[in-house]
>>> print(open('structure.cif').read())   # mmCIF, C-alpha atoms
data_work
loop_
_atom_site.label_atom_id
_atom_site.label_comp_id
_atom_site.auth_asym_id
_atom_site.auth_seq_id
_atom_site.Cartn_x
_atom_site.Cartn_y
_atom_site.Cartn_z
CA MET B 1 228.22 -111.00 231.67
CA THR B 2 229.68 -113.16 228.92
CA PRO B 3 231.93 -111.15 226.59
CA ASP B 4 231.47 -111.30 222.84
CA LEU B 5 234.95 -112.77 222.51
CA GLU B 6 235.19 -113.11 218.74
CA GLN B 7 233.77 -109.69 217.94
CA ASP B 8 235.80 -107.89 220.62
CA LEU B 9 238.99 -109.59 219.45
CA GLN B 10 238.35 -108.68 215.83
CA ARG B 11 237.89 -105.05 216.84
CA LEU B 12 241.14 -105.14 218.83
CA HIS B 13 242.98 -106.71 215.90
CA LYS B 14 241.74 -104.08 213.48
CA ALA B 15 242.48 -101.19 215.84
CA THR B 16 246.03 -102.27 216.69
CA GLY B 17 247.23 -103.72 213.38
CA LEU B 18 248.96 -106.55 215.23
CA THR B 19 249.90 -109.47 212.98
CA ALA B 20 247.67 -111.91 214.87
CA VAL B 21 245.98 -111.99 218.24
CA THR B 22 244.34 -114.62 220.39
CA ALA B 23 242.30 -114.34 223.56
CA GLY B 24 240.49 -116.66 225.90
CA TYR B 25 238.65 -116.70 229.18
CA HIS B 26 237.80 -119.29 231.79
CA ASP B 27 234.69 -118.43 233.79
CA MET B 28 233.89 -120.25 237.04
CA GLU B 29 230.15 -119.54 237.23
CA PRO B 30 228.22 -119.13 240.52
CA SER B 31 226.17 -122.20 239.64
CA GLY B 32 229.33 -124.29 239.77
CA GLY B 33 229.64 -124.60 236.02
CA VAL B 34 232.72 -123.67 234.04
CA GLN B 35 232.82 -121.93 230.69
CA THR B 36 235.98 -121.70 228.59
CA ARG B 37 236.19 -119.96 225.24
CA VAL B 38 239.07 -119.13 222.90
CA ALA B 39 239.23 -117.03 219.74
CA ALA B 40 241.99 -116.00 217.34
CA CYS B 41 242.35 -113.80 214.27
CA GLY B 42 245.12 -112.61 211.99
CA GLN B 43 248.01 -114.18 210.12
CA ARG B 44 250.49 -116.82 211.18
CA ARG B 45 253.09 -114.83 209.27
CA SER B 46 252.65 -111.42 207.73
CA ASP B 47 253.87 -112.46 204.26
CA ALA B 48 251.53 -115.45 203.82
CA PRO B 49 247.75 -115.94 203.85
CA ASP B 50 247.58 -118.67 206.52
CA LEU B 51 245.31 -117.57 209.36
CA VAL B 52 245.75 -118.41 213.02
CA THR B 53 243.29 -120.74 214.72
CA PRO B 54 242.19 -121.12 218.36
CA GLN B 55 244.37 -124.26 218.54
CA ASP B 56 247.64 -122.56 217.53
CA LEU B 57 250.62 -122.30 219.88
CA TRP B 58 251.93 -119.01 221.27
CA HIS B 59 255.17 -118.02 222.96
CA ILE B 60 254.40 -116.85 226.51
CA GLY B 61 257.72 -115.24 227.50
CA SER B 62 258.01 -114.45 231.20
CA VAL B 63 254.65 -115.99 232.04
CA THR B 64 256.91 -119.05 232.22
CA LYS B 65 258.10 -117.68 235.58
CA SER B 66 254.77 -118.48 237.24
CA MET B 67 255.16 -122.07 236.01
CA THR B 68 258.68 -122.36 237.39
CA ALA B 69 257.39 -121.06 240.73
CA THR B 70 254.58 -123.62 240.56
CA LEU B 71 257.10 -126.40 239.95
CA LEU B 72 258.96 -125.44 243.12
CA ALA B 73 255.68 -125.31 245.08
CA VAL B 74 254.81 -128.81 243.83
CA MET B 75 258.22 -130.06 244.90
CA GLN B 76 257.72 -128.43 248.31
CA ASP B 77 254.33 -130.13 248.66
CA ASP B 78 256.04 -133.43 247.87
CA GLY B 79 258.71 -132.84 250.51
CA GLN B 80 261.60 -132.50 248.07
CA LEU B 81 262.58 -128.99 249.08
CA SER B 82 261.42 -125.87 250.90
CA LEU B 83 261.05 -122.37 249.51
CA THR B 84 262.94 -121.14 252.57
CA GLU B 85 266.00 -123.29 251.81
CA THR B 86 269.19 -121.44 251.00
CA LEU B 87 271.50 -121.73 248.02
CA ALA B 88 274.11 -123.23 250.34
CA ASP B 89 271.69 -126.11 251.07
CA LEU B 90 270.33 -126.46 247.55
CA LEU B 91 273.65 -126.31 245.68
CA PRO B 92 276.19 -127.77 248.12
CA ASP B 93 278.63 -128.69 245.35
CA MET B 94 278.67 -125.25 243.70
CA PRO B 95 281.38 -122.87 244.96
CA MET B 96 279.87 -119.45 245.69
CA HIS B 97 280.72 -116.19 247.37
CA GLN B 98 279.64 -116.03 251.00
CA ALA B 99 277.13 -113.29 250.18
CA TRP B 100 274.99 -115.72 248.15
CA ARG B 101 274.92 -118.60 250.60
CA GLU B 102 271.91 -117.28 252.56
CA VAL B 103 269.79 -116.40 249.52
CA THR B 104 266.59 -118.50 249.57
CA LEU B 105 264.35 -119.83 246.84
CA LEU B 106 261.74 -117.34 248.05
CA ASN B 107 264.23 -114.52 247.39
CA LEU B 108 264.78 -115.83 243.87
CA LEU B 109 261.05 -116.15 243.14
CA THR B 110 260.22 -112.66 244.46
CA HIS B 111 263.14 -110.95 242.70
CA THR B 112 264.73 -109.96 246.02
CA SER B 113 267.95 -112.01 245.75
CA GLY B 114 270.20 -109.19 244.56
CA LEU B 115 271.00 -110.95 241.28
CA PRO B 116 271.37 -108.92 238.05
CA ALA B 117 268.44 -108.67 235.67
CA ASN B 118 269.86 -110.75 232.81
CA ILE B 119 272.53 -113.22 231.88
CA PRO B 120 275.69 -111.71 230.36
CA LEU B 121 275.64 -110.74 226.69
CA SER B 122 278.31 -113.34 225.99
CA ALA B 123 275.91 -116.12 227.07
CA ARG B 124 272.79 -114.96 225.23
CA THR B 125 273.81 -116.48 221.91
CA ASN B 126 274.60 -119.83 223.53
CA ASN B 127 271.58 -122.00 222.79
CA PRO B 128 272.26 -125.59 223.93
CA THR B 129 269.94 -128.08 222.26
CA THR B 130 269.81 -131.09 224.62
CA ASP B 131 268.79 -131.49 228.25
CA ALA B 132 272.32 -132.46 229.28
CA LEU B 133 273.90 -129.49 227.51
CA ARG B 134 271.36 -127.06 228.95
CA LEU B 135 271.93 -128.32 232.49
CA SER B 136 275.70 -128.11 232.07
CA ALA B 137 275.58 -124.62 230.53
CA ARG B 138 273.32 -123.32 233.30
CA ALA B 139 275.58 -124.75 236.00
CA GLU B 140 278.70 -123.26 234.43
CA LEU B 141 277.18 -119.81 233.96
CA LEU B 142 275.66 -119.69 237.44
CA ALA B 143 278.88 -120.80 239.09
CA GLN B 144 280.72 -117.93 237.39
CA LEU B 145 278.13 -115.39 238.55
CA LEU B 146 277.84 -116.68 242.11
CA ALA B 147 281.61 -116.48 242.52
CA LYS B 148 281.24 -112.67 242.50
CA PRO B 149 279.94 -110.72 245.53
CA SER B 150 276.33 -109.53 245.78
CA ARG B 151 275.54 -105.82 245.67
CA SER B 152 272.60 -105.98 248.10
CA THR B 153 271.33 -107.87 251.13
CA PRO B 154 268.82 -110.65 250.27
CA GLY B 155 265.25 -109.45 250.73
CA SER B 156 266.11 -105.75 250.84
CA LYS B 157 265.52 -104.64 247.25
CA PHE B 158 263.32 -105.61 244.30
CA ARG B 159 265.13 -106.18 241.00
CA TYR B 160 263.32 -108.09 238.28
CA SER B 161 265.72 -110.86 237.35
CA ASN B 162 265.61 -113.46 234.60
CA LEU B 163 268.82 -114.73 236.13
CA GLY B 164 267.09 -115.31 239.47
CA TYR B 165 264.49 -117.58 237.87
CA THR B 166 267.18 -119.36 235.89
CA LEU B 167 268.90 -120.10 239.19
CA ALA B 168 265.62 -121.20 240.81
CA GLY B 169 264.99 -123.63 237.94
CA HIS B 170 268.53 -124.95 238.27
CA CYS B 171 268.00 -125.57 242.00
CA ALA B 172 264.91 -127.61 241.09
CA GLU B 173 266.72 -129.72 238.51
CA VAL B 174 269.67 -130.37 240.84
CA ARG B 175 267.43 -131.41 243.73
CA ALA B 176 265.18 -133.57 241.52
CA GLN B 177 268.16 -134.95 239.56
CA GLN B 178 266.22 -134.31 236.36
CA PRO B 179 266.81 -131.59 233.74
CA PHE B 180 264.47 -128.63 233.87
CA GLN B 181 262.44 -129.15 230.68
CA PRO B 182 261.24 -132.72 231.41
CA LEU B 183 260.90 -131.83 235.10
CA LEU B 184 258.46 -128.98 234.40
CA ARG B 185 256.64 -131.13 231.88
CA ASP B 186 256.29 -134.10 234.25
CA ARG B 187 255.45 -132.22 237.44
CA VAL B 188 253.30 -129.30 236.25
CA TRP B 189 252.23 -129.43 232.61
CA GLN B 190 251.17 -133.06 232.34
CA PRO B 191 249.26 -133.19 235.66
CA LEU B 192 247.31 -130.10 234.57
CA GLY B 193 246.58 -131.59 231.13
CA MET B 194 248.75 -129.01 229.31
CA HIS B 195 249.75 -131.35 226.52
CA SER B 196 250.61 -128.67 223.95
CA ALA B 197 253.23 -126.97 226.12
CA GLY B 198 256.86 -126.93 225.05
CA PHE B 199 259.92 -124.71 224.77
CA GLY B 200 261.22 -122.31 222.16
CA PRO B 201 259.34 -120.48 219.39
CA PRO B 202 256.38 -122.31 217.82
CA ALA B 203 257.15 -123.55 214.32
CA GLN B 204 253.79 -122.81 212.70
CA THR B 205 252.91 -119.33 213.99
CA LEU B 206 255.94 -117.04 213.66
CA GLY B 207 256.99 -114.13 215.83
CA HIS B 208 257.53 -110.77 214.13
CA ARG B 209 259.99 -107.91 214.43
CA THR B 210 258.30 -104.57 213.95
CA PHE B 211 259.36 -101.28 212.44
CA TRP B 212 256.65 -98.65 212.29
CA ARG B 213 253.95 -100.27 210.10
CA TRP B 214 256.13 -103.08 208.79
CA ARG B 215 256.17 -106.61 210.18
CA PHE B 216 259.06 -109.01 209.53
CA PRO B 217 258.39 -112.71 210.25
CA GLN B 218 261.22 -114.51 212.04
CA ASP B 219 261.58 -118.13 210.95
CA PRO B 220 263.07 -120.33 213.72
CA SER B 221 265.09 -122.22 211.10
CA GLY B 222 266.84 -119.02 210.09
CA GLY B 223 268.69 -118.38 213.36
CA GLN B 224 268.14 -117.59 217.02
CA VAL B 225 264.70 -116.03 217.44
CA ASP B 226 264.20 -116.67 221.14
CA ASN B 227 265.96 -116.23 224.44
CA SER B 228 268.83 -118.60 225.08
CA SER B 229 267.55 -121.97 226.30
CA ILE B 230 269.85 -121.48 229.30
CA ILE B 231 267.10 -119.27 230.73
CA ASP B 232 264.24 -121.68 230.02
CA PRO B 233 262.95 -121.30 233.61
CA ALA B 234 262.62 -117.54 233.13
CA GLY B 235 260.88 -117.20 229.78
CA CYS B 236 261.06 -119.72 226.94
CA ALA B 237 257.78 -121.68 227.00
CA HIS B 238 255.05 -121.91 224.38
CA MET B 239 251.58 -123.49 224.45
CA SER B 240 248.00 -123.23 223.23
CA MET B 241 245.63 -120.67 224.68
CA GLN B 242 243.54 -123.53 226.10
CA ASP B 243 246.53 -124.83 228.07
CA LEU B 244 247.45 -121.36 229.32
CA LEU B 245 243.90 -120.96 230.63
CA ALA B 246 244.10 -124.40 232.27
CA PHE B 247 247.20 -123.30 234.15
CA GLY B 248 245.56 -120.06 235.24
CA SER B 249 242.40 -121.85 236.36
CA ALA B 250 244.41 -124.12 238.68
CA HIS B 251 245.71 -121.02 240.46
CA LEU B 252 242.29 -119.33 240.42
CA ALA B 253 240.89 -122.42 242.15
CA GLY B 254 243.21 -121.71 245.09
CA ARG B 255 246.09 -124.13 244.60
CA TRP B 256 249.56 -123.06 245.86
CA PRO B 257 248.28 -119.93 247.69
CA ALA B 258 251.72 -119.03 249.08
CA LEU B 259 252.87 -118.19 245.55
CA ARG B 260 250.35 -115.34 245.34
CA LYS B 261 251.41 -113.48 248.50
CA PRO B 262 253.23 -110.32 247.36
CA ALA B 263 256.59 -109.18 248.70
CA LEU B 264 258.28 -105.98 247.44
CA ASP B 265 256.74 -103.95 244.57
CA ASP B 266 253.56 -106.08 244.66
CA TYR B 267 255.48 -109.04 243.24
CA ALA B 268 254.72 -112.49 244.63
CA CYS B 269 256.23 -115.72 243.25
CA GLY B 270 255.79 -115.49 239.50
CA TRP B 271 252.76 -113.20 239.87
CA VAL B 272 252.06 -109.49 240.23
CA VAL B 273 249.27 -108.90 242.79
CA ARG B 274 247.72 -105.47 242.39
CA SER B 275 244.39 -103.65 242.11
CA PRO B 276 244.40 -101.58 238.90
CA GLU B 277 243.58 -97.93 239.72
CA PRO B 278 240.94 -96.60 239.89
CA ARG B 279 239.36 -100.03 240.20
CA SER B 280 239.08 -101.68 243.60
CA TYR B 281 239.04 -105.34 242.64
CA PRO B 282 242.28 -107.32 242.97
CA LEU B 283 244.09 -108.85 240.02
CA VAL B 284 246.82 -111.46 239.88
CA TRP B 285 248.75 -111.37 236.61
CA HIS B 286 251.95 -111.78 234.68
CA ASN B 287 253.01 -110.83 231.19
CA GLY B 288 255.93 -111.74 228.98
CA SER B 289 257.72 -111.16 225.71
CA ASN B 290 260.83 -112.36 223.91
CA THR B 291 260.55 -109.17 221.77
CA LEU B 292 258.77 -111.06 218.94
CA TRP B 293 255.67 -112.11 220.93
CA TYR B 294 253.64 -110.74 223.81
CA CYS B 295 251.45 -112.63 226.28
CA LEU B 296 249.27 -111.60 229.23
CA LEU B 297 247.64 -113.92 231.79
CA VAL B 298 245.19 -112.41 234.30
CA LEU B 299 243.41 -113.99 237.27
CA ALA B 300 240.43 -112.07 238.66
CA PRO B 301 239.56 -113.75 241.99
CA ARG B 302 236.51 -111.59 242.75
CA GLN B 303 234.95 -112.23 239.34
CA GLN B 304 236.25 -115.83 239.30
CA LYS B 305 237.65 -115.47 235.81
CA VAL B 306 240.89 -116.19 234.00
CA ILE B 307 241.61 -114.01 230.98
CA ALA B 308 244.56 -114.47 228.61
CA PHE B 309 245.86 -112.80 225.47
CA ALA B 310 248.78 -113.34 223.11
CA THR B 311 250.16 -111.95 219.87
CA ASN B 312 252.94 -112.98 217.49
CA ASP B 313 253.93 -109.33 217.07
CA GLY B 314 256.83 -107.34 218.51
CA ALA B 315 254.77 -104.15 219.05
CA ILE B 316 254.82 -104.92 222.76
CA ARG B 317 253.57 -101.64 224.19
CA LYS B 318 250.68 -101.47 221.74
CA ALA B 319 249.67 -105.04 222.58
CA GLU B 320 250.02 -104.50 226.32
CA VAL B 321 247.77 -101.43 226.39
CA ALA B 322 245.11 -103.03 224.18
CA PHE B 323 245.08 -106.32 226.10
CA PHE B 324 244.76 -104.70 229.52
CA GLN B 325 242.04 -102.34 228.26
CA LEU B 326 239.95 -105.21 226.93
CA ALA B 327 240.49 -107.26 230.09
CA TYR B 328 239.30 -104.32 232.21
CA GLN B 329 236.31 -103.85 229.93
CA TRP B 330 235.23 -107.44 230.46
CA LEU B 331 235.87 -107.40 234.20
CA ASP B 332 234.17 -104.02 234.80
CA ALA B 333 231.02 -105.42 233.18
CA CYS B 334 230.81 -108.32 235.66
#
>>> encode(input="structure.cif", output="structure tokens")
Amino acid sequence: MTPDLEQDLQRLHKATGLTAVTAGYHDMEPSGGVQTRVAACGQRRSDAPDLVTPQDLWHIGSVTKSMTATLLAVMQDDGQLSLTETLADLLPDMPMHQAWREVTLLNLLTHTSGLPANIPLSARTNNPTTDALRLSARAELLAQLLAKPSRSTPGSKFRYSNLGYTLAGHCAEVRAQQPFQPLLRDRVWQPLGMHSAGFGPPAQTLGHRTFWRWRFPQDPSGGQVDNSSIIDPAGCAHMSMQDLLAFGSAHLAGRWPALRKPALDDYACGWVVRSPEPRSYPLVWHNGSNTLWYCLLVLAPRQQKVIAFATNDGAIRKAEVAFFQLAYQWLDAC
């Protein structure tokens, strides 16, 4: 069944009151054909009449993690590293407490490294603006954190960690001898034809802070309206809905299967792998938000579909519930 994308999205937009919403699906049909559709409705900013279009860019938050994991899988395929390598091997010049030396890339990507959830508050307002400054700031921050002992044995506990993905991205840039942003662009985005992808908040479609029924657009020129660029590998990317679907379709087609094997708490490498109760079909998904945007990317292997949603609105819980409900509606009808 082909969903009525535009009509369903308009109903969702009206029911939720979100500033703007976009949705798309990629359908790998039994005949071998492929159908991709994208729709969008709402305002680019709540205080102006400009409407969003299917070509607009959207902040994807922690969906960036699946792309960082993909980068490391590509580098493994090319023989540059192994996901089972330890921090001691990957960062030989970085002093670290003995407890961290046996942590592997796989531990970082499955949130089982023992690292804290987030970078310290003192670092969150540091937003370096060049590749060299970002690499240097990441290295300095990570060295400070790795000098302290771990609170758990690697692989023993699940703790969702933006810091873990920041460290994984840093391992990639050190091994490749190329800063993270151009490395991800050259090794993942460009080969998959994701030419709209970039970092930081989109300039045209603004994220919004929310308070009850009010929406307050956050202009990037007016201050920091995103995560620190130090944690680019964990959650700072933006792109068009078409490019997000292209990324999802590469995984749906079966590339990098090791990244979709879950460890603790159904978390794989940049993906949650879980069957939504009471449904029996498996889903592979990730969501993300920088508090001003929300994004959801879903792979449905049984139905051979990729479904994605995004909003430029900080009403995260409202968006999450509505997006999952509509995704289930489409998938249940297949």
>>> closest_residue(input="structure.cif", among="B:Leu5, B:Ala172, B:His251, B:Gly61", to="Leu184 (chain B)", atoms="all atoms listed in the file")
B:Ala172
>>> resolve_selection(input="structure.cif", expression="the PyMOL selection byres ((chain B and resi 126-134) around 7)", output="list of chain:residue names")
B:Ala123, B:Arg124, B:Thr125, B:Leu135, B:Ser136, B:Ala137, B:Arg138, B:Pro179, B:Ser228, B:Ser229, B:Ile230
>>> residues_around(input="structure.cif", residues="Asp50 (chain B)", least_positions_apart="5", cutoff="10 Å", atoms="only C-alpha atoms", output="PyMOL selection string")
chain B and resi 42-45+204-205
>>> closest_residue(input="structure.cif", among="B:Ser122, B:Thr104, B:Gln304, B:Ser240", to="Pro282 (chain B)", atoms="all atoms listed in the file")
B:Gln304
>>> atom_distance(input="structure.cif", atom1="CA of Gln242 (chain B)", atom2="CA of Ile307 (chain B)")
10.9 Å
>>> resolve_selection(input="structure.cif", expression="the PyMOL selection byres ((chain B and resi 76-82) around 12)", output="NGL selection string")
:B and (69-75 or 83-87 or 89-91 or 104-106 or 168 or 171-177 or 187 or 255-259)
>>> atom_distance(input="structure.cif", atom1="CA of Pro154 (chain B)", atom2="CA of Thr112 (chain B)")
5.9 Å
>>> residues_around(input="structure.cif", residues="His195 (chain B)", least_positions_apart="2", cutoff="9 Å", atoms="only C-alpha atoms", output="list in words")
Arg185, Trp189, Gln190, Leu192, Gly193, Ala197, Gly198, Met239, Ser240 and Asp243 of chain B
>>> closest_residue(input="structure.cif", among="B:Gln35, B:Ser46, B:Ser150, B:Thr64", to="Trp214 (chain B)", atoms="only C-alpha atoms")
B:Ser46
>>> resolve_selection(input="structure.cif", expression="the PyMOL selection byres ((chain B and resi 163) around 10)", output="list in words")
Leu108, His111, Leu115, Pro116, Ala117, Asn118, Ile119, Pro120, Leu142, Leu145, Tyr160, Ser161, Asn162, Gly164, Tyr165, Thr166, Leu167, Ala168, Gly169, Ile230, Ile231, Pro233 and Ala234 of chain B
>>> closest_residue(input="structure.cif", among="B:Gly288, B:Pro276, B:Gly235, B:Gly222", to="Phe199 (chain B)", atoms="all atoms listed in the file")
B:Gly235
>>> closest_residue(input="structure.cif", among="B:Ala246, B:Val273, B:Tyr281, B:Leu146", to="Val34 (chain B)", atoms="all atoms listed in the file")
B:Ala246
